[in-house]
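Okay, start19.cif is below, mmCIF, C-alpha atoms:
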data_protein
#
loop_
_atom_site.group_PDB
_atom_site.id
_atom_site.type_symbol
_atom_site.label_atom_id
_atom_site.label_comp_id
_atom_site.auth_asym_id
_atom_site.auth_seq_id
_atom_site.Cartn_x
_atom_site.Cartn_y
_atom_site.Cartn_z
ATOM 1 C CA MET A 124 0.000 0.000 0.000
ATOM 2 C CA CYS A 125 2.923 2.331 0.715
ATOM 3 C CA SER A 126 4.397 1.935 -2.773
ATOM 4 C CA LEU A 127 0.976 2.405 -4.366
ATOM 5 C CA SER A 128 0.230 5.517 -2.311
ATOM 6 C CA LEU A 129 3.681 7.006 -2.926
ATOM 7 C CA PHE A 130 3.413 6.387 -6.657
ATOM 8 C CA HIS A 131 0.054 8.101 -7.061
ATOM 9 C CA TYR A 132 0.815 10.994 -4.727
ATOM 10 C CA SER A 133 4.193 11.650 -6.352
ATOM 11 C CA GLU A 134 2.613 11.621 -9.837
ATOM 12 C CA TYR A 135 0.392 14.490 -8.725
ATOM 13 C CA LEU A 136 3.153 16.330 -6.848
ATOM 14 C CA VAL A 137 5.706 16.180 -9.667
ATOM 15 C CA THR A 138 3.073 17.301 -12.176
ATOM 16 C CA ALA A 139 2.195 20.214 -9.872
ATOM 17 C CA VAL A 140 5.847 21.282 -9.768
ATOM 18 C CA ASN A 141 6.787 20.641 -13.416
ATOM 19 C CA ASN A 142 3.670 21.236 -15.434
ATOM 20 C CA PRO A 143 1.023 23.028 -13.357
ATOM 21 C CA LYS A 144 -0.981 23.918 -16.495
ATOM 22 C CA SER A 145 -1.833 20.242 -16.987
ATOM 23 C CA LEU A 146 -2.549 19.581 -13.294
ATOM 24 C CA SER A 147 -5.925 18.059 -12.431
ATOM 25 C CA LEU A 148 -7.282 15.307 -10.210
ATOM 26 C CA ASP A 149 -6.484 12.971 -13.108
ATOM 27 C CA SER A 150 -2.782 13.660 -12.366
ATOM 28 C CA PHE A 151 -3.047 11.215 -9.462
ATOM 29 C CA LEU A 152 -3.632 8.517 -12.124
ATOM 30 C CA LEU A 153 -6.188 6.850 -9.877
ATOM 31 C CA ASN A 154 -8.767 6.687 -12.642
ATOM 32 C CA HIS A 155 -6.232 5.540 -15.217
ATOM 33 C CA SER A 156 -8.435 2.855 -16.760
ATOM 34 C CA LEU A 157 -10.801 0.031 -15.965
ATOM 35 C CA GLU A 158 -7.938 -2.395 -16.658
ATOM 36 C CA TYR A 159 -5.741 -0.672 -14.069
ATOM 37 C CA THR A 160 -8.499 -0.941 -11.450
ATOM 38 C CA VAL A 161 -9.127 -4.613 -12.257
ATOM 39 C CA ALA A 162 -5.381 -5.326 -12.063
ATOM 40 C CA ALA A 163 -5.069 -3.665 -8.645
ATOM 41 C CA LEU A 164 -8.103 -5.486 -7.264
ATOM 42 C CA SER A 165 -6.861 -8.797 -8.714
ATOM 43 C CA SER A 166 -3.474 -8.416 -7.054
ATOM 44 C CA TRP A 167 -5.052 -7.685 -3.675
ATOM 45 C CA LEU A 168 -7.377 -10.660 -4.063
ATOM 46 C CA GLU A 169 -4.526 -12.959 -5.089
ATOM 47 C CA PHE A 170 -2.386 -11.809 -2.179
ATOM 48 C CA THR A 171 -5.204 -12.296 0.330
ATOM 49 C CA LEU A 172 -6.233 -15.749 -0.898
ATOM 50 C CA GLU A 173 -2.676 -17.045 -1.160
ATOM 51 C CA ASN A 174 -1.866 -15.609 2.267
ATOM 52 C CA ILE A 175 -4.820 -17.519 3.744
ATOM 53 C CA PHE A 176 -4.276 -20.836 1.948
ATOM 54 C CA TRP A 177 -0.498 -20.855 1.310
ATOM 55 C CA PRO A 178 1.075 -18.392 3.770
ATOM 56 C CA GLU A 179 4.556 -19.805 3.144
ATOM 57 C CA LEU A 180 4.295 -18.457 -0.435
ATOM 58 C CA LYS A 181 4.172 -14.936 0.979
ATOM 59 C CA GLN A 182 7.285 -15.379 3.131
ATOM 60 C CA ILE A 183 9.991 -15.531 0.448
ATOM 61 C CA THR A 184 12.091 -12.678 1.792
ATOM 62 C CA TRP A 185 14.675 -12.516 -1.011
ATOM 63 C CA LEU A 186 11.909 -12.352 -3.637
ATOM 64 C CA SER A 187 10.071 -9.595 -1.778
ATOM 65 C CA ALA A 188 13.364 -7.691 -1.460
ATOM 66 C CA MET A 189 13.987 -8.048 -5.200
ATOM 67 C CA GLY A 190 10.468 -6.729 -5.860
ATOM 68 C CA LEU A 191 11.087 -3.792 -3.550
ATOM 69 C CA LEU A 192 14.275 -2.953 -5.476
ATOM 70 C CA MET A 193 12.290 -3.069 -8.737
ATOM 71 C CA VAL A 194 9.650 -0.759 -7.244
ATOM 72 C CA VAL A 195 12.244 1.735 -5.978
ATOM 73 C CA PHE A 196 14.186 1.644 -9.271
ATOM 74 C CA GLY A 197 11.005 2.103 -11.305
ATOM 75 C CA GLU A 198 9.700 4.923 -9.121
ATOM 76 C CA CYS A 199 13.027 6.796 -9.182
ATOM 77 C CA LEU A 200 13.452 6.372 -12.936
ATOM 78 C CA ARG A 201 9.906 7.544 -13.677
ATOM 79 C CA LYS A 202 10.221 10.619 -11.464
ATOM 80 C CA ALA A 203 13.669 11.406 -12.900
ATOM 81 C CA ALA A 204 12.080 11.273 -16.366
ATOM 82 C CA MET A 205 9.285 13.593 -15.293
ATOM 83 C CA PHE A 206 11.716 16.096 -13.741
ATOM 84 C CA THR A 207 14.092 15.925 -16.719
ATOM 85 C CA ALA A 208 11.289 16.515 -19.231
ATOM 86 C CA GLY A 209 9.829 19.334 -17.134
ATOM 87 C CA SER A 210 6.848 20.975 -18.806
ATOM 88 C CA ASN A 211 7.310 18.685 -21.820
ATOM 89 C CA PHE A 212 5.990 15.769 -19.730
ATOM 90 C CA ASN A 213 2.277 15.062 -19.843
ATOM 91 C CA HIS A 214 0.239 12.034 -18.775
ATOM 92 C CA VAL A 215 -1.671 12.181 -22.062
ATOM 93 C CA VAL A 216 0.065 11.577 -25.393
ATOM 94 C CA GLN A 217 -0.015 14.930 -27.181
ATOM 95 C CA ASN A 218 -1.300 15.114 -30.744
ATOM 96 C CA GLU A 219 -0.428 18.766 -31.262
ATOM 97 C CA LYS A 220 2.948 20.344 -30.607
ATOM 98 C CA SER A 221 2.864 23.333 -28.258
ATOM 99 C CA ASP A 222 5.110 26.348 -28.832
ATOM 100 C CA THR A 223 7.290 25.367 -25.859
ATOM 101 C CA HIS A 224 7.535 21.644 -26.687
ATOM 102 C CA THR A 225 11.148 20.548 -27.136
ATOM 103 C CA LEU A 226 12.738 17.156 -27.741
ATOM 104 C CA VAL A 227 14.395 16.081 -24.499
ATOM 105 C CA THR A 228 17.454 13.875 -25.090
ATOM 106 C CA SER A 229 19.550 14.541 -21.976
ATOM 107 C CA GLY A 230 19.581 13.001 -18.504
ATOM 108 C CA VAL A 231 17.673 9.717 -18.336
ATOM 109 C CA TYR A 232 16.448 10.377 -21.891
ATOM 110 C CA ALA A 233 20.031 9.759 -23.040
ATOM 111 C CA TRP A 234 19.682 6.191 -21.696
ATOM 112 C CA PHE A 235 16.112 5.400 -22.790
ATOM 113 C CA ARG A 236 13.714 7.059 -25.238
ATOM 114 C CA HIS A 237 10.821 6.369 -22.865
ATOM 115 C CA PRO A 238 12.271 6.363 -19.322
ATOM 116 C CA SER A 239 8.930 7.125 -17.657
ATOM 117 C CA TYR A 240 7.442 4.042 -19.338
ATOM 118 C CA VAL A 241 10.455 1.943 -18.343
ATOM 119 C CA GLY A 242 10.047 3.144 -14.770
ATOM 120 C CA TRP A 243 6.349 2.363 -14.636
ATOM 121 C CA PHE A 244 6.945 -1.006 -16.331
ATOM 122 C CA TYR A 245 9.408 -2.150 -13.659
ATOM 123 C CA TRP A 246 7.461 -0.488 -10.843
ATOM 124 C CA SER A 247 4.255 -2.316 -11.707
ATOM 125 C CA ILE A 248 5.896 -5.723 -12.114
ATOM 126 C CA GLY A 249 7.962 -5.075 -8.989
ATOM 127 C CA THR A 250 4.808 -4.597 -6.932
ATOM 128 C CA GLN A 251 3.748 -8.145 -7.786
ATOM 129 C CA VAL A 252 7.214 -9.597 -7.185
ATOM 130 C CA MET A 253 7.281 -7.809 -3.814
ATOM 131 C CA LEU A 254 3.903 -9.361 -2.924
ATOM 132 C CA CYS A 255 5.051 -12.791 -4.179
ATOM 133 C CA ASN A 256 2.002 -12.885 -6.480
ATOM 134 C CA PRO A 257 2.916 -15.394 -9.223
ATOM 135 C CA ILE A 258 -0.347 -15.153 -11.175
ATOM 136 C CA CYS A 259 -0.579 -11.365 -11.187
ATOM 137 C CA GLY A 260 3.181 -11.140 -11.691
ATOM 138 C CA VAL A 261 2.864 -12.883 -15.050
ATOM 139 C CA GLY A 262 -0.396 -11.099 -15.826
ATOM 140 C CA TYR A 263 1.051 -7.666 -15.052
ATOM 141 C CA ALA A 264 4.185 -8.340 -17.103
ATOM 142 C CA LEU A 265 2.170 -9.319 -20.183
ATOM 143 C CA THR A 266 -0.455 -6.594 -19.801
ATOM 144 C CA VAL A 267 1.968 -3.765 -19.074
ATOM 145 C CA TRP A 268 4.264 -4.868 -21.893
ATOM 146 C CA ARG A 269 1.374 -4.810 -24.370
ATOM 147 C CA PHE A 270 0.158 -1.433 -23.074
ATOM 148 C CA PHE A 271 3.596 0.162 -23.481
ATOM 149 C CA ARG A 272 4.181 -1.428 -26.878
ATOM 150 C CA ASP A 273 1.025 0.261 -28.157
ATOM 151 C CA ARG A 274 1.594 3.507 -26.241
ATOM 152 C CA THR A 275 5.196 3.807 -27.458
ATOM 153 C CA GLU A 276 4.101 3.462 -31.078
ATOM 154 C CA GLU A 277 1.323 6.026 -30.605
ATOM 155 C CA GLU A 278 3.667 8.516 -28.946
ATOM 156 C CA GLU A 279 6.459 8.042 -31.461
ATOM 157 C CA ILE A 280 4.134 8.824 -34.357
ATOM 158 C CA SER A 281 3.469 12.201 -32.711
ATOM 159 C CA LEU A 282 7.151 12.759 -31.919
ATOM 160 C CA ILE A 283 8.177 12.056 -35.526
ATOM 161 C CA HIS A 284 5.482 14.472 -36.663
ATOM 162 C CA PHE A 285 6.673 17.137 -34.173
ATOM 163 C CA PHE A 286 10.444 16.793 -34.553
ATOM 164 C CA GLY A 287 11.024 14.959 -37.851
ATOM 165 C CA GLU A 288 14.598 13.997 -38.598
ATOM 166 C CA GLU A 289 15.803 15.129 -35.163
ATOM 167 C CA TYR A 290 13.617 12.460 -33.526
ATOM 168 C CA LEU A 291 14.515 9.807 -36.101
ATOM 169 C CA GLU A 292 18.231 10.342 -35.359
ATOM 170 C CA TYR A 293 17.539 10.140 -31.611
ATOM 171 C CA LYS A 294 15.509 6.959 -32.200
ATOM 172 C CA LYS A 295 18.490 5.362 -33.979
ATOM 173 C CA ARG A 296 20.872 6.162 -31.092
ATOM 174 C CA VAL A 297 18.774 5.447 -28.018
ATOM 175 C CA PRO A 298 16.692 2.316 -27.237
ATOM 176 C CA THR A 299 13.174 2.479 -25.821
ATOM 177 C CA GLY A 300 14.394 0.765 -22.656
ATOM 178 C CA LEU A 301 11.443 -1.636 -22.723
ATOM 179 C CA PRO A 302 12.207 -5.310 -23.403
ATOM 180 C CA PHE A 303 11.442 -6.375 -26.978
ATOM 181 C CA ILE A 304 9.838 -3.026 -27.852
ATOM 182 C CA LYS A 305 11.583 -1.128 -30.635
ATOM 183 C CA GLY A 306 8.960 1.580 -31.148
ATOM 184 C CA VAL A 307 7.194 2.603 -34.325
ATOM 185 C CA LYS A 308 8.682 1.233 -37.532
ATOM 186 C CA VAL A 309 9.597 3.923 -39.994
ATOM 187 C CA GLU A 310 9.901 3.048 -43.655
ATOM 188 C CA LEU A 311 11.929 5.466 -45.711
#
Translate this file's structure into structure tokens.
Amino acid sequence: MCSLSLFHYSEYLVTAVNNPKSLSLDSFLLNHSLEYTVAALSSWLEFTLENIFWPELKQITWLSAMGLLMVVFGECLRKAAMFTAGSNFNHVVQNEKSDTHTLVTSGVYAWFRHPSYVGWFYWSIGTQVMLCNPICGVGYALTVWRFFRDRTEEEEISLIHFFGEEYLEYKKRVPTGLPFIKGVKVEL
């Protein structure tokens, strides 16, 4: 519950600091999607049932510690991405370029093209590893991977439209950071 609360509160707080024009209650990301709500409820249900029927499954300390490291890494990477992007960061993929929109390629964006997605990817899977939830662990990994595969392609279409060759060169140099996700395919 602590990692979940910290994640949602910090999403709002960092948005308030970096991009107050886009700040709303939606910045907490609590109403992200029906799928997100179902996933959270499923993980709580799995944890509770397994804790009742197989409590030894929930006492694998090294696995919980590994999950905690994934959660901390993911949270720090996502917030570093948000701070690095500043007002360029938005929770909604932008379809129109604002006058102040710039291509951010420094800081964590020099390591990954989509560091906030990488952070959320490992954070979400880490929550299930930390809880020793094998079913939701696999389910989260597959669901979050598919979500970010589609989201990365959607966002990169906009970024190519906004920044053209500058983004294509950046795309050649820097990986997405997400396993087995290359981003939108560009045919020249």
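Among the candidates A:Val231, A:Cys255, A:Val137, A:Leu157, the residue lying nearest to Leu180 in chain A is A:Cys255 (atoms considered: all atoms listed in the file).
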Val195 in chain A: which residues within 12 Å, counting only C-alpha atoms, same-chain residues fewer than 3 positions away excluded, as a PDB file with C-alpha atoms, in the coordinates of the input?
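For reference, out21.pdb as written:
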ATOM      1  CA  CYS A 125       2.923   2.331   0.715  1.00  0.00           C
ATOM      2  CA  SER A 126       4.397   1.935  -2.773  1.00  0.00           C
ATOM      3  CA  LEU A 127       0.976   2.405  -4.366  1.00  0.00           C
ATOM      4  CA  LEU A 129       3.681   7.006  -2.926  1.00  0.00           C
ATOM      5  CA  PHE A 130       3.413   6.387  -6.657  1.00  0.00           C
ATOM      6  CA  ALA A 188      13.364  -7.691  -1.460  1.00  0.00           C
ATOM      7  CA  MET A 189      13.987  -8.048  -5.200  1.00  0.00           C
ATOM      8  CA  GLY A 190      10.468  -6.729  -5.860  1.00  0.00           C
ATOM      9  CA  LEU A 191      11.087  -3.792  -3.550  1.00  0.00           C
ATOM     10  CA  LEU A 192      14.275  -2.953  -5.476  1.00  0.00           C
ATOM     11  CA  GLU A 198       9.700   4.923  -9.121  1.00  0.00           C
ATOM     12  CA  CYS A 199      13.027   6.796  -9.182  1.00  0.00           C
ATOM     13  CA  LEU A 200      13.452   6.372 -12.936  1.00  0.00           C
ATOM     14  CA  ARG A 201       9.906   7.544 -13.677  1.00  0.00           C
ATOM     15  CA  LYS A 202      10.221  10.619 -11.464  1.00  0.00           C
ATOM     16  CA  ALA A 203      13.669  11.406 -12.900  1.00  0.00           C
ATOM     17  CA  GLY A 242      10.047   3.144 -14.770  1.00  0.00           C
ATOM     18  CA  TRP A 243       6.349   2.363 -14.636  1.00  0.00           C
ATOM     19  CA  PHE A 244       6.945  -1.006 -16.331  1.00  0.00           C
ATOM     20  CA  TYR A 245       9.408  -2.150 -13.659  1.00  0.00           C
ATOM     21  CA  TRP A 246       7.461  -0.488 -10.843  1.00  0.00           C
ATOM     22  CA  SER A 247       4.255  -2.316 -11.707  1.00  0.00           C
ATOM     23  CA  ILE A 248       5.896  -5.723 -12.114  1.00  0.00           C
ATOM     24  CA  GLY A 249       7.962  -5.075  -8.989  1.00  0.00           C
ATOM     25  CA  THR A 250       4.808  -4.597  -6.932  1.00  0.00           C
ATOM     26  CA  MET A 253       7.281  -7.809  -3.814  1.00  0.00           C
TER      27      MET A 253
END
Atom pair CA of Val241 in chain A + CA of Val216 in chain A, distance 15.8 Å
One decimal, Å: what's the distance from CA of Ala163 in chain A over to CA of Tyr263 in chain A, could you say?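 These atoms are spaced 9.7 Å apart.
Minimum atom-to-atom distance to Leu186 in chain A, evaluated using all atoms listed in the file, belongs to A:Pro257 out of A:Glu279, A:Val297, A:Pro257, A:Lys305.
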Selection: 9 Å around Glu219 in chain A, all atoms listed in the file, excl. self and same-chain fewer than 2 positions, as number ranges by chain:
A: 217, 221, 281, 285
As an exercise, work out the distance from CA of Asn141 in chain A to CA of Ser210 in chain A in Å and give it to one decimal place.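 Separation of CA of Asn141 in chain A and CA of Ser210 in chain A: 5.4 Å.
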Name the residues captured by the PyMOL selection byres ((chain A and resi 208) around 9) when it is applied to the shown file; answer as an NGL selection string. :A and (141 or 203-207 or 209-212 or 225-229 or 232)
Quiz prompt | Given the PyMOL selection byres ((chain A and resi 166) around 9), the residues it picks as a PyMOL selection string | solution = chain A and resi 161-165+167-171+251+254+256+258-260
Tell me which protein, DNA and RNA residues are within 6 Å of Thr299 in chain A, counting only C-alpha atoms, leaving out same-chain ones fewer than 2 positions away, and put them as a PyMOL selection string.
chain A and resi 235-237+301
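Minimum distance to Gly197 in chain A across A:Phe270, A:Tyr240, A:Tyr135, A:Phe286 (counting only C-alpha atoms) occurs at A:Tyr240.
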Would you please take range 195-222 of chain A of the structure in the block above and write N, CA, C and O atoms to a file as a short mmCIF file (atom, residue, chain, number, x, y, z; two decimals), in the first residue's frame?
data_model
loop_
_atom_site.label_atom_id
_atom_site.label_comp_id
_atom_site.auth_asym_id
_atom_site.auth_seq_id
_atom_site.Cartn_x
_atom_site.Cartn_y
_atom_site.Cartn_z
N VAL A 195 11.46 0.52 -6.24
CA VAL A 195 12.24 1.73 -5.98
C VAL A 195 12.93 2.22 -7.26
O VAL A 195 12.90 3.41 -7.59
N PHE A 196 13.54 1.29 -8.00
CA PHE A 196 14.19 1.64 -9.27
C PHE A 196 13.17 2.27 -10.22
O PHE A 196 13.41 3.33 -10.81
N GLY A 197 12.02 1.61 -10.39
CA GLY A 197 11.00 2.10 -11.30
C GLY A 197 10.48 3.47 -10.91
O GLY A 197 10.31 4.36 -11.75
N GLU A 198 10.21 3.64 -9.63
CA GLU A 198 9.70 4.92 -9.12
C GLU A 198 10.73 6.03 -9.36
O GLU A 198 10.38 7.11 -9.85
N CYS A 199 11.98 5.78 -9.01
CA CYS A 199 13.03 6.80 -9.18
C CYS A 199 13.25 7.14 -10.66
O CYS A 199 13.40 8.31 -11.01
N LEU A 200 13.25 6.12 -11.51
CA LEU A 200 13.45 6.37 -12.94
C LEU A 200 12.29 7.18 -13.51
O LEU A 200 12.50 8.14 -14.26
N ARG A 201 11.07 6.81 -13.16
CA ARG A 201 9.91 7.54 -13.68
C ARG A 201 9.93 9.00 -13.23
O ARG A 201 9.70 9.91 -14.02
N LYS A 202 10.22 9.23 -11.95
CA LYS A 202 10.22 10.62 -11.46
C LYS A 202 11.40 11.39 -12.05
O LYS A 202 11.27 12.59 -12.35
N ALA A 203 12.53 10.74 -12.25
CA ALA A 203 13.67 11.41 -12.90
C ALA A 203 13.28 11.81 -14.33
O ALA A 203 13.64 12.90 -14.79
N ALA A 204 12.54 10.95 -15.01
CA ALA A 204 12.08 11.27 -16.37
C ALA A 204 11.14 12.47 -16.35
O ALA A 204 11.23 13.37 -17.19
N MET A 205 10.24 12.49 -15.38
CA MET A 205 9.28 13.59 -15.29
C MET A 205 10.01 14.91 -15.00
O MET A 205 9.72 15.93 -15.62
N PHE A 206 10.97 14.87 -14.07
CA PHE A 206 11.72 16.10 -13.74
C PHE A 206 12.59 16.54 -14.91
O PHE A 206 12.68 17.73 -15.20
N THR A 207 13.23 15.59 -15.59
CA THR A 207 14.09 15.93 -16.72
C THR A 207 13.28 16.55 -17.85
O THR A 207 13.71 17.53 -18.46
N ALA A 208 12.12 15.99 -18.14
CA ALA A 208 11.29 16.51 -19.23
C ALA A 208 10.62 17.84 -18.86
O ALA A 208 10.27 18.63 -19.74
N GLY A 209 10.44 18.08 -17.57
CA GLY A 209 9.83 19.33 -17.13
C GLY A 209 8.44 19.51 -17.71
O GLY A 209 7.61 18.60 -17.70
N SER A 210 8.18 20.68 -18.27
CA SER A 210 6.85 20.98 -18.81
C SER A 210 6.55 20.20 -20.08
O SER A 210 5.42 20.21 -20.56
N ASN A 211 7.54 19.53 -20.64
CA ASN A 211 7.31 18.69 -21.82
C ASN A 211 6.61 17.38 -21.45
O ASN A 211 6.09 16.69 -22.32
N PHE A 212 6.62 17.02 -20.17
CA PHE A 212 5.99 15.77 -19.73
C PHE A 212 4.50 15.98 -19.53
O PHE A 212 4.07 16.96 -18.94
N ASN A 213 3.72 15.03 -20.03
CA ASN A 213 2.28 15.06 -19.84
C ASN A 213 1.79 13.63 -19.74
O ASN A 213 2.34 12.73 -20.38
N HIS A 214 0.78 13.38 -18.92
CA HIS A 214 0.24 12.03 -18.77
C HIS A 214 -0.54 11.57 -20.00
O HIS A 214 -0.79 10.39 -20.16
N VAL A 215 -0.91 12.50 -20.85
CA VAL A 215 -1.67 12.18 -22.06
C VAL A 215 -0.77 12.40 -23.27
O VAL A 215 -0.11 13.45 -23.38
N VAL A 216 -0.73 11.42 -24.18
CA VAL A 216 0.06 11.58 -25.39
C VAL A 216 -0.49 12.77 -26.17
O VAL A 216 -1.69 12.85 -26.44
N GLN A 217 0.39 13.71 -26.50
CA GLN A 217 -0.01 14.93 -27.18
C GLN A 217 -0.08 14.71 -28.69
O GLN A 217 0.81 14.10 -29.27
N ASN A 218 -1.14 15.23 -29.29
CA ASN A 218 -1.30 15.11 -30.74
C ASN A 218 -0.95 16.41 -31.46
O ASN A 218 -0.82 16.42 -32.68
N GLU A 219 -0.82 17.48 -30.70
CA GLU A 219 -0.43 18.77 -31.26
C GLU A 219 0.77 19.30 -30.48
O GLU A 219 0.80 19.24 -29.26
N LYS A 220 1.74 19.81 -31.22
CA LYS A 220 2.95 20.34 -30.61
C LYS A 220 2.69 21.76 -30.10
O LYS A 220 2.23 22.62 -30.84
N SER A 221 3.00 21.98 -28.81
CA SER A 221 2.86 23.33 -28.26
C SER A 221 4.09 24.16 -28.64
O SER A 221 5.12 23.62 -29.06
N ASP A 222 3.99 25.46 -28.48
CA ASP A 222 5.11 26.35 -28.83
C ASP A 222 6.35 26.08 -27.99
O ASP A 222 7.47 26.33 -28.43
#
